[in-house]
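Next comes entry31.cif, with mmCIF, C-alpha atoms.
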data_final
loop_
_atom_site.label_atom_id
_atom_site.label_comp_id
_atom_site.auth_asym_id
_atom_site.auth_seq_id
_atom_site.Cartn_x
_atom_site.Cartn_y
_atom_site.Cartn_z
CA MET C 266 122.97 60.59 43.42
CA GLU C 267 121.67 64.02 42.51
CA ASN C 268 124.42 65.66 44.54
CA LEU C 269 127.05 63.70 42.69
CA GLU C 270 125.64 64.84 39.38
CA TYR C 271 125.70 68.48 40.52
CA GLU C 272 129.29 68.07 41.63
CA ARG C 273 130.27 66.67 38.24
CA LEU C 274 128.50 69.60 36.58
CA ALA C 275 130.40 72.05 38.79
CA TRP C 276 133.74 70.49 37.81
CA ALA C 277 132.76 70.67 34.14
CA VAL C 278 131.84 74.36 34.50
CA LEU C 279 135.10 75.06 36.36
CA PHE C 280 137.31 73.49 33.72
CA GLY C 281 135.26 74.99 30.89
CA HIS C 282 135.88 78.45 32.27
CA ILE C 283 139.56 77.69 32.81
CA VAL C 284 139.80 76.69 29.14
CA ILE C 285 138.12 79.99 28.16
CA ILE C 286 140.61 81.91 30.34
CA VAL C 287 143.63 80.10 28.91
CA VAL C 288 142.57 80.53 25.28
CA GLY C 289 141.70 84.20 25.84
CA GLY C 290 144.96 84.84 27.66
CA PHE C 291 147.09 83.40 24.88
CA MET C 292 145.08 85.40 22.36
CA THR C 293 145.74 88.53 24.41
CA VAL C 294 149.52 88.25 24.46
CA LEU C 295 150.24 86.53 21.15
CA SER C 296 147.77 87.97 18.67
CA GLN C 297 149.31 90.27 16.08
CA SER C 298 146.31 92.53 15.69
CA LEU C 299 145.61 94.60 18.78
CA VAL C 300 141.85 94.42 18.26
CA ARG C 301 142.05 90.61 18.33
CA ALA C 302 144.16 90.88 21.48
CA LEU C 303 141.43 93.00 23.04
CA VAL C 304 138.83 90.38 22.12
CA GLY C 305 141.03 87.80 23.83
CA LEU C 306 141.19 90.00 26.93
CA ILE C 307 137.39 90.28 26.98
CA MET C 308 137.17 86.49 26.71
CA THR C 309 139.48 86.14 29.71
CA LEU C 310 137.45 88.67 31.69
CA PHE C 311 134.25 86.73 31.00
CA GLY C 312 135.96 83.53 32.09
CA VAL C 313 137.06 85.11 35.37
CA ALA C 314 133.52 86.41 35.88
CA GLY C 315 132.29 82.83 35.47
CA LEU C 316 134.76 81.70 38.12
CA PHE C 317 133.38 84.40 40.44
CA PHE C 318 129.88 83.04 39.85
CA LEU C 319 131.18 79.58 40.66
CA MET C 320 132.65 80.89 43.92
CA ALA C 321 129.15 82.01 44.96
CA ALA C 322 129.83 85.73 44.51
CA PRO C 323 127.33 86.80 41.86
CA PHE C 324 127.56 90.48 42.81
CA ILE C 325 131.30 90.63 42.15
CA ALA C 326 130.85 88.65 38.94
CA LEU C 327 128.29 91.16 37.66
CA MET C 328 130.58 94.01 38.72
CA GLN C 329 133.39 92.34 36.81
CA ILE C 330 131.26 92.23 33.67
CA LEU C 331 130.04 95.80 34.21
CA ILE C 332 133.38 97.44 35.03
CA TYR C 333 135.90 95.39 33.10
CA VAL C 334 133.95 94.26 30.06
CA GLY C 335 131.77 97.35 29.94
CA ALA C 336 134.12 100.18 30.82
CA VAL C 337 137.79 99.20 30.82
CA SER C 338 137.74 97.34 27.52
CA VAL C 339 135.91 100.23 25.84
CA LEU C 340 138.63 102.55 27.16
CA ILE C 341 141.33 100.28 25.78
CA PHE C 342 139.49 100.14 22.47
CA PHE C 343 139.54 103.96 22.42
CA ALA C 344 143.26 103.81 23.11
CA ILE C 345 143.74 101.44 20.16
CA MET C 346 141.69 103.64 17.85
CA LEU C 347 143.01 107.05 18.88
CA THR C 348 146.69 106.14 18.85
CA SER C 349 148.42 104.98 15.74
CA ALA C 350 148.50 101.40 16.98
CA TRP C 351 146.08 100.37 14.28
CA PRO C 352 145.53 96.69 13.60
CA GLY C 353 148.16 95.22 11.37
CA GLY C 354 150.44 98.14 12.21
CA ASP C 355 152.93 98.20 14.98
CA GLU C 356 152.42 94.77 16.40
CA SER C 357 152.72 92.98 13.10
CA GLY C 358 156.08 91.87 11.85
CA LYS C 359 158.21 89.22 13.42
CA CYS C 360 159.69 89.63 16.85
CA SER C 361 163.20 88.36 17.42
CA GLY C 362 163.41 84.92 18.94
CA ARG C 363 165.71 86.09 21.69
CA LYS C 364 163.11 88.59 22.94
CA TYR C 365 160.52 85.80 22.91
CA ILE C 366 162.71 83.62 25.12
CA TYR C 367 163.59 86.45 27.50
CA ALA C 368 159.94 87.40 27.90
CA GLY C 369 159.03 83.77 28.50
CA VAL C 370 161.68 83.41 31.20
CA ALA C 371 160.57 86.68 32.81
CA GLY C 372 157.01 85.39 33.00
CA LEU C 373 157.81 81.80 33.98
CA VAL C 374 160.28 82.34 36.83
CA PRO C 375 157.91 84.17 39.23
CA ALA C 376 155.07 81.90 38.13
CA VAL C 377 156.98 78.73 38.98
CA ILE C 378 158.10 80.10 42.36
CA LEU C 379 154.58 81.22 43.26
CA ALA C 380 153.01 77.99 42.01
CA THR C 381 155.31 75.84 44.17
CA ALA C 382 154.50 78.03 47.16
CA ALA C 383 150.76 77.83 46.43
CA ILE C 384 150.78 74.04 46.01
CA ARG C 385 153.02 73.32 49.00
CA SER C 386 151.39 75.57 51.56
CA ALA C 387 147.76 75.32 50.54
CA PRO C 388 145.44 75.24 53.54
CA PRO C 389 142.44 72.91 53.38
CA SER C 390 139.63 74.63 51.51
CA PHE C 391 135.88 74.27 51.21
CA LEU C 392 134.37 72.58 48.22
CA VAL C 393 131.16 74.58 48.45
CA PRO C 394 131.57 78.28 49.29
CA GLU C 395 128.71 80.08 50.96
CA GLU C 396 127.08 83.14 49.53
CA THR C 397 127.31 86.56 51.18
CA GLU C 398 124.31 88.84 51.11
CA ILE C 399 124.78 92.18 49.41
CA SER C 400 123.41 94.03 52.45
CA VAL C 401 126.15 92.46 54.59
CA LEU C 402 128.67 93.52 52.00
CA GLY C 403 127.38 97.10 51.99
CA LYS C 404 127.49 97.25 55.77
CA PHE C 405 131.05 95.94 55.72
CA PHE C 406 131.95 98.63 53.22
CA LEU C 407 130.41 101.48 55.15
CA GLU C 408 131.39 100.46 58.68
CA ASP C 409 134.63 98.48 58.71
CA PHE C 410 136.10 99.47 55.40
CA ILE C 411 135.05 103.10 55.22
CA LEU C 412 138.59 104.47 54.74
CA PRO C 413 139.53 102.34 51.69
CA PHE C 414 136.07 103.01 50.27
CA GLU C 415 136.56 106.77 50.48
CA LEU C 416 140.13 106.47 49.23
CA ILE C 417 139.04 104.58 46.14
CA SER C 418 136.46 107.24 45.33
CA LEU C 419 139.14 109.91 45.78
CA LEU C 420 141.45 107.91 43.50
CA LEU C 421 138.77 107.69 40.81
CA THR C 422 138.08 111.42 40.99
CA VAL C 423 141.77 112.28 40.77
CA ALA C 424 142.27 109.90 37.86
CA MET C 425 139.36 111.38 35.95
CA ALA C 426 140.49 114.96 36.63
CA GLY C 427 144.03 114.06 35.57
CA ALA C 428 142.81 112.50 32.34
CA VAL C 429 140.75 115.59 31.50
CA VAL C 430 143.67 117.92 32.27
CA LEU C 431 146.04 115.88 30.08
CA ALA C 432 143.60 115.81 27.17
CA PHE C 433 142.92 119.57 27.38
CA GLU C 434 146.61 120.39 27.45
CA MET C 435 147.02 118.41 24.28
CA ARG C 436 144.30 120.45 22.59
CA ARG C 437 145.74 123.79 23.71
CA LYS C 438 149.18 122.98 22.34
CA LYS C 439 147.69 122.03 19.03
CA MET M 97 145.17 69.37 45.35
CA SER M 98 142.42 71.44 46.85
CA VAL M 99 139.95 73.52 44.88
CA MET M 100 141.55 76.74 46.06
CA THR M 101 144.88 75.67 44.60
CA ILE M 102 143.25 75.32 41.18
CA TYR M 103 141.94 78.89 41.40
CA HIS M 104 145.34 80.10 42.56
CA LEU M 105 147.05 78.33 39.68
CA VAL M 106 144.72 80.08 37.23
CA ALA M 107 145.58 83.42 38.87
CA ILE M 108 149.31 82.64 38.65
CA PHE M 109 148.83 81.70 35.01
CA LEU M 110 147.27 85.13 34.40
CA LEU M 111 150.24 86.76 36.17
CA CYS M 112 152.69 84.78 34.02
CA LEU M 113 150.90 85.73 30.80
CA GLY M 114 150.72 89.37 31.89
CA ILE M 115 154.44 89.62 32.58
CA PHE M 116 155.14 87.86 29.30
CA GLY M 117 152.90 90.35 27.49
CA ILE M 118 154.54 93.35 29.15
CA ALA M 119 157.98 92.14 28.11
CA TYR M 120 157.02 90.89 24.67
CA ARG M 121 154.60 93.48 23.29
CA ARG M 122 156.02 96.33 21.28
CA THR M 123 153.31 98.98 21.62
CA LEU M 124 152.13 100.65 24.81
CA VAL M 125 148.58 99.43 24.19
CA GLY M 126 149.76 95.83 24.24
CA ILE M 127 151.52 96.51 27.53
CA VAL M 128 148.26 97.89 28.97
CA LEU M 129 146.55 94.62 28.01
CA GLY M 130 149.20 92.72 29.98
CA ILE M 131 148.67 94.94 33.02
CA GLU M 132 144.92 94.26 32.90
CA LEU M 133 145.60 90.51 32.85
CA ILE M 134 147.79 90.80 35.96
CA LEU M 135 145.22 92.89 37.84
CA ASN M 136 142.48 90.41 37.00
CA GLY M 137 144.59 87.55 38.27
CA ALA M 138 145.13 89.45 41.52
CA GLY M 139 141.38 89.87 41.97
CA LEU M 140 140.76 86.19 41.30
CA SER M 141 143.42 85.15 43.81
CA ILE M 142 142.08 87.44 46.56
CA MET M 143 138.56 86.20 45.95
CA ALA M 144 139.49 82.50 46.04
CA SER M 145 141.50 82.95 49.23
CA ALA M 146 138.54 84.49 51.03
CA GLN M 147 135.65 82.44 49.63
CA LEU M 148 137.15 78.98 50.00
CA THR M 149 138.76 79.30 53.44
CA PRO M 150 137.33 80.18 56.86
CA ALA M 151 138.42 83.82 56.33
CA PRO M 152 135.50 86.28 56.26
CA ASN M 153 133.88 86.30 52.83
CA GLU M 154 133.28 90.06 52.77
CA LEU M 155 137.01 90.70 52.95
CA GLY M 156 137.66 88.98 49.65
CA GLN M 157 134.70 90.55 47.88
CA VAL M 158 135.71 94.04 49.04
CA GLY M 159 139.29 93.34 47.98
CA ALA M 160 138.19 92.25 44.51
CA LEU M 161 136.02 95.37 44.19
CA LEU M 162 138.93 97.61 45.19
CA VAL M 163 141.16 95.93 42.61
CA MET M 164 138.49 96.63 40.00
CA GLY M 165 138.29 100.28 41.01
CA ILE M 166 142.06 100.66 40.79
CA ALA M 167 142.03 99.00 37.37
CA ALA M 168 139.35 101.43 36.14
CA ALA M 169 141.29 104.46 37.40
CA GLU M 170 144.48 103.13 35.87
CA ALA M 171 142.83 102.53 32.49
CA THR M 172 141.44 106.09 32.44
CA LEU M 173 144.83 107.65 33.12
CA LEU M 174 146.61 105.36 30.69
CA LEU M 175 144.21 106.37 27.92
CA ALA M 176 145.05 110.05 28.47
CA ILE M 177 148.78 109.34 28.66
CA LEU M 178 148.63 107.26 25.48
CA LEU M 179 146.84 110.09 23.69
CA VAL M 180 149.49 112.62 24.71
CA VAL M 181 152.33 110.25 23.82
CA SER M 182 150.89 109.42 20.42
CA ARG M 183 150.34 113.12 19.64
CA ARG M 184 153.84 114.08 20.73
CA PHE M 185 155.91 111.22 19.32
CA LYS M 186 153.64 110.17 16.44
CA ASN M 187 153.77 106.54 17.59
CA VAL M 188 153.31 104.46 20.71
CA GLU M 189 156.12 101.94 20.35
CA ALA M 190 157.89 101.43 23.65
CA GLY M 191 161.31 101.04 22.01
CA LYS M 192 161.12 104.35 20.22
CA LEU M 193 160.21 106.56 23.18
CA ILE M 194 163.72 107.34 24.30
CA THR M 195 163.52 111.00 25.28
CA MET M 196 161.68 112.37 28.29
CA ARG M 197 162.09 116.05 27.52
CA GLY M 198 158.90 117.89 26.78
#
Write out the structure in this file as structure tokens.
Amino acid sequence: MENLEYERLAWAVLFGHIVIIVVGGFMTVLSQSLVRALVGLIMTLFGVAGLFFLMAAPFIALMQILIYVGAVSVLIFFAIMLTSAWPGGDESGKCSGRKYIYAGVAGLVPAVILATAAIRSAPPSFLVPEETEISVLGKFFLEDFILPFELISLLLTVAMAGAVVLAFEMRRKK
Amino acid sequence: MSVMTIYHLVAIFLLCLGIFGIAYRRTLVGIVLGIELILNGAGLSIMASAQLTPAPNELGQVGALLVMGIAAAEATLLLAILLVVSRRFKNVEAGKLITMRG
């Protein structure tokens, strides 16, 4: 009896987060003000973090909130502020209907193909995922996955150095 | 329909919206938002595939973390590129950037 109630609660949480993701996603691509679009993106990111919690991966969910919501969206907000893409500026004004249809087709065609593949060839899955301890995850990172781990740190360093070099060049030319 | 399929459908929905945003948005910042949606969908899909099947759980969590790291690096570089572009061309509309000469 209690189990059944928990299961119902889990389904409610799942579909609640899916609704958050869908609303945020449509806000992201359709909103005319870029700041509103960014708010929609943050909503989607929170929804995905909730799905990570639901999949029994609280560490990744917290990382999602920390990295995406904390860092990446602030960076994008800087990009909105520092470029001339101010709210009500470039994205406002009507788009031609033909572009709307083309963009819709471009998004829908791969989605339909992938969705048929995902529905047709879905292996049987668990209803209740099991949690992984963070220590196991760290060991996996530092023993089996050491090369990708080092590569991602190299990638981050190179990206940061490249960003600094680009920004300094801009200042020198000015 | 299994639970994993629902997660995968949400990820595919994010991919669809991201491609739509990349094609539909006029400014480069809007395109960046679409790219972030796609990357997030990829992370969700990897995670669901590992957590809800007999595949090792750590694999999916590490994959999702790597996707997040790549997204952070990409956002940093895109911010710098957007700054340079907006300083050089005075706007960031994708349709108006038609020359690549410095």
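Residue-level contacts from chain M to chain C at 6 Å, counting only C-alpha atoms, read M:Ile108, M:Cys112, M:Ile115, M:Phe116, M:Gly117, M:Ala119, M:Tyr120, M:Gln147, M:Leu148, M:Thr149, M:Glu154, M:Ala168, M:Ala169, M:Leu173, M:Leu175, M:Ala176, M:Ser182, M:Asn187.
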Item to check | Exercise: residues within 9 Å of coordinate (155.2, 94.9, 27.0), counting only C-alpha atoms, as a list in words | outcome: Ala368 of chain C; Gly114, Ile115, Phe116, Gly117, Ile118, Ala119, Tyr120, Arg121, Arg122, Thr123, Leu124, Val125, Gly126, Ile127, Val128, Leu129, Gly130, Ile131 and Ala190 of chain M
Checklist entry - For Leu105 of chain M, which residue out of C:Met292, C:Ala382, C:Ile285, C:Ile330 is the nearest one, using only C-alpha atoms? => result C:Ala382
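Here atom CA of Leu179 of chain M is placed at a distance of 23.4 Å from atom CA of Leu419 of chain C.
Residues matched by the PyMOL selection byres ((chain M and resi 137) around 9) in this file are Val313 of chain C; His104, Val106, Ala107, Ile108, Phe109, Leu110, Leu111, Glu132, Leu133, Ile134, Leu135, Asn136, Ala138, Gly139, Leu140, Ser141 and Ile142 of chain M.
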Checklist entry - To one decimal place, how far is atom CA of Met97 of chain M from atom CA of Ala144 of chain M in Å? => result 14.3 Å
Item to check | Point-to-point distance in Å for atom CA of Gly335 of chain C and atom CA of Pro323 of chain C | outcome: 16.5 Å
Grab all the atoms of segment 158-170 of chain M that the file lists, wrap them in a box along x, y and z, add 4 Å per side, and give me centre plus edge lengths in Å (one decimal) as JSON.
{"center_x": 140.1, "center_y": 98.4, "center_z": 42.5, "size_x": 16.8, "size_y": 20.2, "size_z": 21.2}
Next on the checklist: Using only C-alpha atoms, can you tell me which of M:Ile177, M:Met143, M:Glu189, M:Glu170 comes closest to Gln157 of chain M?
Outcome noted: M:Met143
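Shortest separation to Leu327 of chain C among M:Val188, M:Ile166, M:Leu161, M:Ile194 occurs at residue M:Leu161, atoms counted being all atoms listed in the file.
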